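Colleague: Dropping the structure in here first, questions after.
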Amino acid sequence: MIKKFDKKDEESGSGSNPFQHLEKSAVLQEARIFNETPINPRRCLHILTKIIYLLNQQTLRRMCYLTIKEMANISEDVIIVTSSLTKDMTGKEDVYRGPAIRALCRITDTTMLQAIERYMKQAIVDKVPSVSSSALVSSLHMVRMSYDVVKRWVNEAQEAASSDNIMVQYHALGLLYHLRKNDRLAVSKMLNKFTKSGLKSPFAYCMLIRIASKLLEETEGGHDSPLFDFIESCLRNKHEMVVYEAASAIVHMPNCTARELAPAVSVLQLFCSSPKAALRYAAVRTLNKVAMKHPSAVTACNLDLENLITDSNRSIATLAITTLLKTGSESSVDRLMKQISSFVSEISDEFKLISQLVMGGFEYKRAIVDCIISIIEENPDSKETGLAHLCEFIEDCEHTVLATKILHLLGKEGPRTPSPSKYIRFIFNRVVLESEAVRAAAVSALAKFGAQNDDLLPSVLVLMQRCMMDSDDEVRDRATFYMNVLQQKQKALNAAYVFNGLSVSVPGLEKSLHQYTLEPTEKPFDMKSVPLANTPITEQKTEFAPVATSKLPEKPGPTRQDIYQEQLAGIPEFQGLGPLFKSSEAVQLTEAETEYVVRCVKHTFARHMVFQFDCTNTLNDQLLQKVMVQMEPSEAYDVLHYVPAANLPYSQPGSCYSLVSLPEDDPTAVSCTFSCTLKYLVKDCDPNTGEPDDDGYDDEYVLEDLEVTVADHIQKVLKPNFAAAWDEVGDDFEKEETFALASVRTLEEAVGNIISFLGMQPCERSDKVPENKNSHILFLAGVFRGGHDVLVRSRLALADGVTMQVTVRSSDKTVVDIILASVG
Amino acid sequence: MLEFEPSLYTVKAVFILDNDGNRLLSKYYDTELYPSMKEQKNFEKNVFNKTHKADNEIAFLEGMTIVYKSSIDLFFYVVGSAQENELMLMAVLNCLFESLSQVLRKNVEKRCLLDNLDGVFLVVDEIIDGGVILESDPQQVIQKVNYRADENPLSEQSVAQVR
């Protein structure tokens, strides 16, 4: 109910009667009630009103409006304030009118609204822009409360829309749309009028574009309608905001042809190189949406998108990459995934985005899987999330290669997570549902869970039993095999047969088996006679493996070692040496630009070593013959035989060999230094024809010393599960010693030194020392010449310099001594 | 399919944080968005964690587009829906920042902001009303607010100035 003296107020100007004679000090005293808790809003509003009329400070009054608005939600008795606000909104002080209107409308209810309707209508068409805007926006807020009343002000709003002020235009348009939106015809007419009349406000344009798009969508209007033309013309508006809105609208329209999309896409392409991050983000986000339906339309932007991959804003970079993934060619996929993997772990939202990119062919999926796998390996914290994503992935992945890869990883990493049982469901479903290859892989993965977790073992055994009934041979064989191994419940067996697979080279094994079947013998086949494989690449993922171009599963080709074995077997002098244990990397024995370039490969056999010297003669006026490398050992090694290279013409590499026996009486003397000299018969020859002289002369050329170290006697072997292997070898011949590495300053340096010195394989990714740690444990595995497993566990601590406690286990006592002696 | 209804309601929230992520001022215009104080504070914390190191203008979080700017020890954020026109949000942010810059006489830092918080409130109120962009020109905002940073804060206004 409005107080009666309102009318009188209008005549007497500011200040309503009861307040005119208020004493300032009295009011200020009353103002203390603001400090009361709980605050009494009703009395406070009353006081506030008094204050409004007493004080003419602009700020204070404005603050009062704000306070009133804020308190509007909690107060029910607003009558008192209403009158004063109404006063203000029609008063002379323009600066108060807008805020007064807004405050008033915030506290007004339906009945009150009708009372102030007259004032509102006047305000909407007021010439002062802030008043008009405030009235329009407030009307909009009140539409929700009282649509019918506000609808009556539509004509005023229409008039306001022709204002020059850009914000008033915007607000009027917004209000008009809200009032008319259920009447399509009215909206259509309004649009027609405004698109022709030309507005100035970029905000109003954006609003128009949205309304036009909505109308087009609702009427399923063809793209030759004037509405579409209007939107398209906005692509050439001078305000970026409008251009972007238009491009976005076109892109979102259903059934757009490539030709219609083209101008929008080219505008977005321009925005990609804007210095403003918001514009780049907007552009790339929109292009991403286009790429979903019309990847070909976006191809023109690929170059600009590639530039955005390195944008400092991660969201922009990720969006650029995901867009390129949809539009780019296969070869760019792995490059892109590599770039994502470096920072995906930081962004949770975009990570989900990528894992949902299951559209696209095999190459994309494979790239994504590889990416997730490498993230899991690099970042242990992401393991559970990554594994969960992979599980979902295989639920509907129709590619066998990917499914088996994921199953293999699950088998390796799953048992070590806090709750491994949740992965078992996924794996077992694969056993039931998928193709033979996938089922077989699933059986292997299940076995790993059973071997590692005693609580899961009974369930796994039951599942395994079911797999023994499978229709496929491989699946049944694997199930039966694992069943038997697991039922023994022996850690050593599990380690050998379930976890750490074959470490021998497959072609070598094939050959040895073949050999075995040919020769009748009663001895059982000895695995140790098979040459070991170099650590297979699939286990080691120290760098991101690029996607192979062939889609067939890779056939294991002959390794470097197999090739050497063949070559050496062809030399009669080396027949009786037995299988080749290890071949080292080539060691340069000469400097870079010398006359003769010599490098050496050390081949280790059971009791001998063969040194292969690959020599190249870089002098075009010389022919070398009977080339050999004379060696002088420092320790108990004996040089048995030399096999020279017959001819060494200009620039054609040739090889000569030296056979050396390893010391029998002192097995711990594994290292040795050889001083080497190249000896040959040299004949001068004509550089042009290559014709040599008939006579020559003996000459020699000193080479660098050749080192044989303990690493040459050890072949690296990766044990995926080091703990199981440690138990398997047992502690019969275990020894431990502690060393102080005085000259080493950091743990990384110590770790690197040990690995390169011993030549053993780091396991469990223990070659990576986490940052800011003062202690580390390094696990190394290998096989010593003679076929003896050797494992090293090295505890390192960083205090003043590095202290190292080395524990060595092997199946042979001598080997343990050798290792410890070498470290010392 | 059009993802949103044409509407004047563009801004979902605006807030100002210090460089520890503490809230100095915040207004949430969409009442359904984060109804409780706890949810609002949580949202602000997440936004702060994502943006205070990066110093880029724009980010995407929890289904919202957020444009932001920092100055000395303050962070300014304007939040809109993911389908909103990012340039509109930037216009609001720029207007806010420019207006405050003038009001605080170029000292856009925490101490000055807190001393003139009433002026800051007025500025925000003049730019966005209930989620609708009211004004985008900083000069207009300054004129309407008509606040000077060297005025005495409210509590010290003397009675003598009263008519």
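Simple scheme: letters A, B, ... for chains in structure tokens order, numbers from 1 for residues in each chain, numbers from 1 for ligands in the order shown.
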Quick one: DSSP strand (DSSP E or B) residues in chain B, as a compact mmCIF listing (two decimals) with N, CA and C atoms, in the first residue's frame?
Modeller:
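Saved result, out-v7.txt, follows:
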```
# COMPACT_ATOMS: atom_id res chain seq x y z
N TYR B 9 20.86 -12.29 -21.58
CA TYR B 9 21.58 -12.76 -20.40
C TYR B 9 22.86 -13.44 -20.84
N ALA B 13 28.71 -14.87 -14.25
CA ALA B 13 29.31 -14.47 -12.98
C ALA B 13 30.49 -13.56 -13.27
N VAL B 14 30.81 -12.75 -12.25
CA VAL B 14 32.02 -11.96 -12.35
C VAL B 14 32.65 -11.97 -10.97
N PHE B 15 33.96 -12.13 -10.89
CA PHE B 15 34.59 -12.05 -9.58
C PHE B 15 36.03 -11.56 -9.67
N ILE B 16 36.47 -11.02 -8.54
CA ILE B 16 37.83 -10.49 -8.42
C ILE B 16 38.50 -11.23 -7.28
N LEU B 17 39.69 -11.82 -7.57
CA LEU B 17 40.43 -12.55 -6.55
C LEU B 17 41.78 -11.90 -6.33
N ASP B 18 42.33 -12.12 -5.13
CA ASP B 18 43.70 -11.66 -4.90
C ASP B 18 44.67 -12.74 -5.37
N ARG B 23 38.66 -14.46 -2.38
CA ARG B 23 37.65 -13.65 -3.05
C ARG B 23 37.61 -12.24 -2.47
N LEU B 24 37.62 -11.23 -3.34
CA LEU B 24 37.46 -9.86 -2.88
C LEU B 24 36.07 -9.33 -3.23
N LEU B 25 35.62 -9.75 -4.39
CA LEU B 25 34.29 -9.34 -4.82
C LEU B 25 33.76 -10.41 -5.75
N SER B 26 32.50 -10.77 -5.61
CA SER B 26 31.95 -11.71 -6.58
C SER B 26 30.46 -11.52 -6.72
N LYS B 27 30.00 -11.68 -7.96
CA LYS B 27 28.56 -11.61 -8.22
C LYS B 27 28.20 -12.76 -9.12
N TYR B 28 27.26 -13.56 -8.71
CA TYR B 28 26.78 -14.66 -9.53
C TYR B 28 25.39 -14.31 -10.02
N ILE B 58 42.09 -16.54 -21.76
CA ILE B 58 40.83 -17.26 -21.85
C ILE B 58 41.02 -18.71 -21.48
N ALA B 59 40.05 -19.28 -20.80
CA ALA B 59 40.15 -20.68 -20.39
C ALA B 59 38.77 -21.31 -20.42
N PHE B 60 38.80 -22.63 -20.35
CA PHE B 60 37.56 -23.39 -20.39
C PHE B 60 37.55 -24.32 -19.20
N LEU B 61 36.51 -24.24 -18.38
CA LEU B 61 36.51 -25.04 -17.16
C LEU B 61 35.08 -25.33 -16.75
N MET B 64 32.23 -23.97 -18.65
CA MET B 64 32.07 -22.52 -18.82
C MET B 64 33.28 -21.94 -19.54
N THR B 65 33.02 -20.84 -20.26
CA THR B 65 34.13 -20.07 -20.82
C THR B 65 34.46 -18.96 -19.83
N ILE B 66 35.74 -18.83 -19.53
CA ILE B 66 36.14 -17.81 -18.56
C ILE B 66 37.19 -16.92 -19.20
N VAL B 67 36.92 -15.61 -19.22
CA VAL B 67 37.95 -14.68 -19.69
C VAL B 67 38.50 -13.98 -18.45
N TYR B 68 39.82 -13.71 -18.49
CA TYR B 68 40.41 -13.15 -17.28
C TYR B 68 41.59 -12.26 -17.60
N LYS B 69 41.93 -11.48 -16.60
CA LYS B 69 43.01 -10.53 -16.72
C LYS B 69 43.60 -10.34 -15.33
N SER B 70 44.91 -10.09 -15.30
CA SER B 70 45.49 -9.87 -13.98
C SER B 70 46.24 -8.55 -13.97
N SER B 71 46.35 -7.99 -12.77
CA SER B 71 47.07 -6.73 -12.64
C SER B 71 47.73 -6.69 -11.28
N LEU B 74 46.03 -8.69 -8.44
CA LEU B 74 44.61 -8.96 -8.56
C LEU B 74 44.29 -9.76 -9.81
N PHE B 75 43.24 -10.56 -9.73
CA PHE B 75 42.78 -11.31 -10.90
C PHE B 75 41.30 -11.03 -11.13
N PHE B 76 40.96 -10.67 -12.38
CA PHE B 76 39.58 -10.34 -12.72
C PHE B 76 39.02 -11.41 -13.64
N TYR B 77 37.84 -11.90 -13.33
CA TYR B 77 37.25 -12.98 -14.12
C TYR B 77 35.84 -12.62 -14.55
N VAL B 78 35.50 -12.96 -15.80
CA VAL B 78 34.12 -12.87 -16.28
C VAL B 78 33.76 -14.24 -16.85
N VAL B 79 32.63 -14.75 -16.41
CA VAL B 79 32.25 -16.13 -16.75
C VAL B 79 30.99 -16.14 -17.60
N GLY B 80 31.03 -16.92 -18.68
CA GLY B 80 29.82 -17.09 -19.49
C GLY B 80 29.67 -18.55 -19.85
N SER B 81 28.56 -18.87 -20.50
CA SER B 81 28.38 -20.28 -20.86
C SER B 81 29.34 -20.64 -21.99
N ILE B 128 27.13 -4.59 -15.49
CA ILE B 128 26.26 -5.77 -15.65
C ILE B 128 25.09 -5.65 -14.70
N ASP B 129 23.90 -5.86 -15.21
CA ASP B 129 22.73 -5.87 -14.34
C ASP B 129 22.02 -7.21 -14.50
N VAL B 132 22.82 -9.11 -17.60
CA VAL B 132 22.69 -8.43 -18.88
C VAL B 132 23.77 -7.36 -18.95
N ILE B 133 24.42 -7.28 -20.10
CA ILE B 133 25.44 -6.23 -20.25
C ILE B 133 24.73 -4.90 -20.34
```
Colleague: Write out as CSV the residues of chain B that have any atom within 6 Å of an atom of chain A, one row each with the nearest atom pair and its distance in Å to one decimal, counting only C-alpha atoms, sorted by chain and then rising number.
Modeller:
```
residue,atom,partner,partner_atom,distance
B:Pro6,CA,A:Arg210,CA,5.5
B:Leu8,CA,A:Gly174,CA,5.7
B:Asn56,CA,A:Asn313,CA,5.8
B:Glu57,CA,A:Ala277,CA,5.9
B:Ile58,CA,A:Ala278,CA,5.7
B:Leu87,CA,A:Met241,CA,5.5
B:Val162,CA,A:Leu55,CA,5.2
```
Colleague: Could you save the residues just selected, with C-alpha atoms, as a PDB file, in the first residue's frame?
Modeller:
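The file below, out_6.pdb, is the result:
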```pdb
ATOM      1  CA  PRO B   6      18.895 -15.779 -28.119  1.00  0.00           C
ATOM      2  CA  LEU B   8      20.400 -10.708 -23.357  1.00  0.00           C
ATOM      3  CA  ASN B  56      46.492 -16.273 -20.985  1.00  0.00           C
ATOM      4  CA  GLU B  57      43.271 -14.446 -21.533  1.00  0.00           C
ATOM      5  CA  ILE B  58      40.826 -17.262 -21.851  1.00  0.00           C
ATOM      6  CA  LEU B  87      34.360 -11.474 -27.648  1.00  0.00           C
ATOM      7  CA  VAL B 162      25.360  17.214   4.997  1.00  0.00           C
TER       8      VAL B 162
END
```
Colleague: Could you list, as a list in words, every residue within 8 Å of segment 787-795 of chain A, counting only C-alpha atoms and ignoring same-chain residues fewer than 4 positions away?
Modeller: Lys528, Ser529, Trp726, Val729, Ser775, His776, Ile777, Leu778, Phe779, Leu780, Ala781, Gly782, Val783, Met804, Gln805, Val806, Thr807, Val808, Arg809, Ser810, Ser811, Asp812, Val815 and Val816 of chain A
Colleague: Skipping near chain neighbours, those fewer than 4 positions away, what residues fall within 8 Å of Val769 of chain A using only C-alpha atoms, listed as a PyMOL selection string?
Modeller: chain A and resi 747-748+773+776
Colleague: Looking only at helix (DSSP H, G or I) from DSSP on the backbone, list the matching residues of segment 51-149 of chain B as a PyMOL selection string.
Modeller: chain B and resi 51+86-103+110-115+117-127+138-145
Colleague: Residues near Val369 of chain A, anyone? I mean within 8 Å using only C-alpha atoms, not counting same-chain ones fewer than 4 positions away, as a list in words.
Modeller: Lys365, Ile373, Leu390, Leu402 and Ile406 of chain A
Colleague: Would you mind reading off the distance between atom CA of Val125 of chain A and atom CA of Gln169 of chain A, one decimal, in Å?
Modeller: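 Taking atom CA of Val125 of chain A and atom CA of Gln169 of chain A, their separation equals 11.6 Å.
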Colleague: Mind giving me the straight-line distance from atom CA of Leu227 of chain A to atom CA of Lys193 of chain A in Å, one decimal?
Modeller: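 Between these atoms lies a distance of 11.7 Å.
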Colleague: Using only C-alpha atoms, determine which residues lie at most 12 Å from Gly752 of chain A, disregarding the query and same-chain residues fewer than 6 positions distant; provide the list as number ranges by chain.
Modeller: A: 744, 746, 758-762, 766-769, 778, 780
Colleague: Would you please work out which residue, of B:Ile127, B:Leu93, B:Leu100, B:Val145, is nearest to Cys112 of chain B when using only C-alpha atoms?
Modeller: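 When distances to Cys112 of chain B are compared using only C-alpha atoms, the smallest one comes from B:Leu100.
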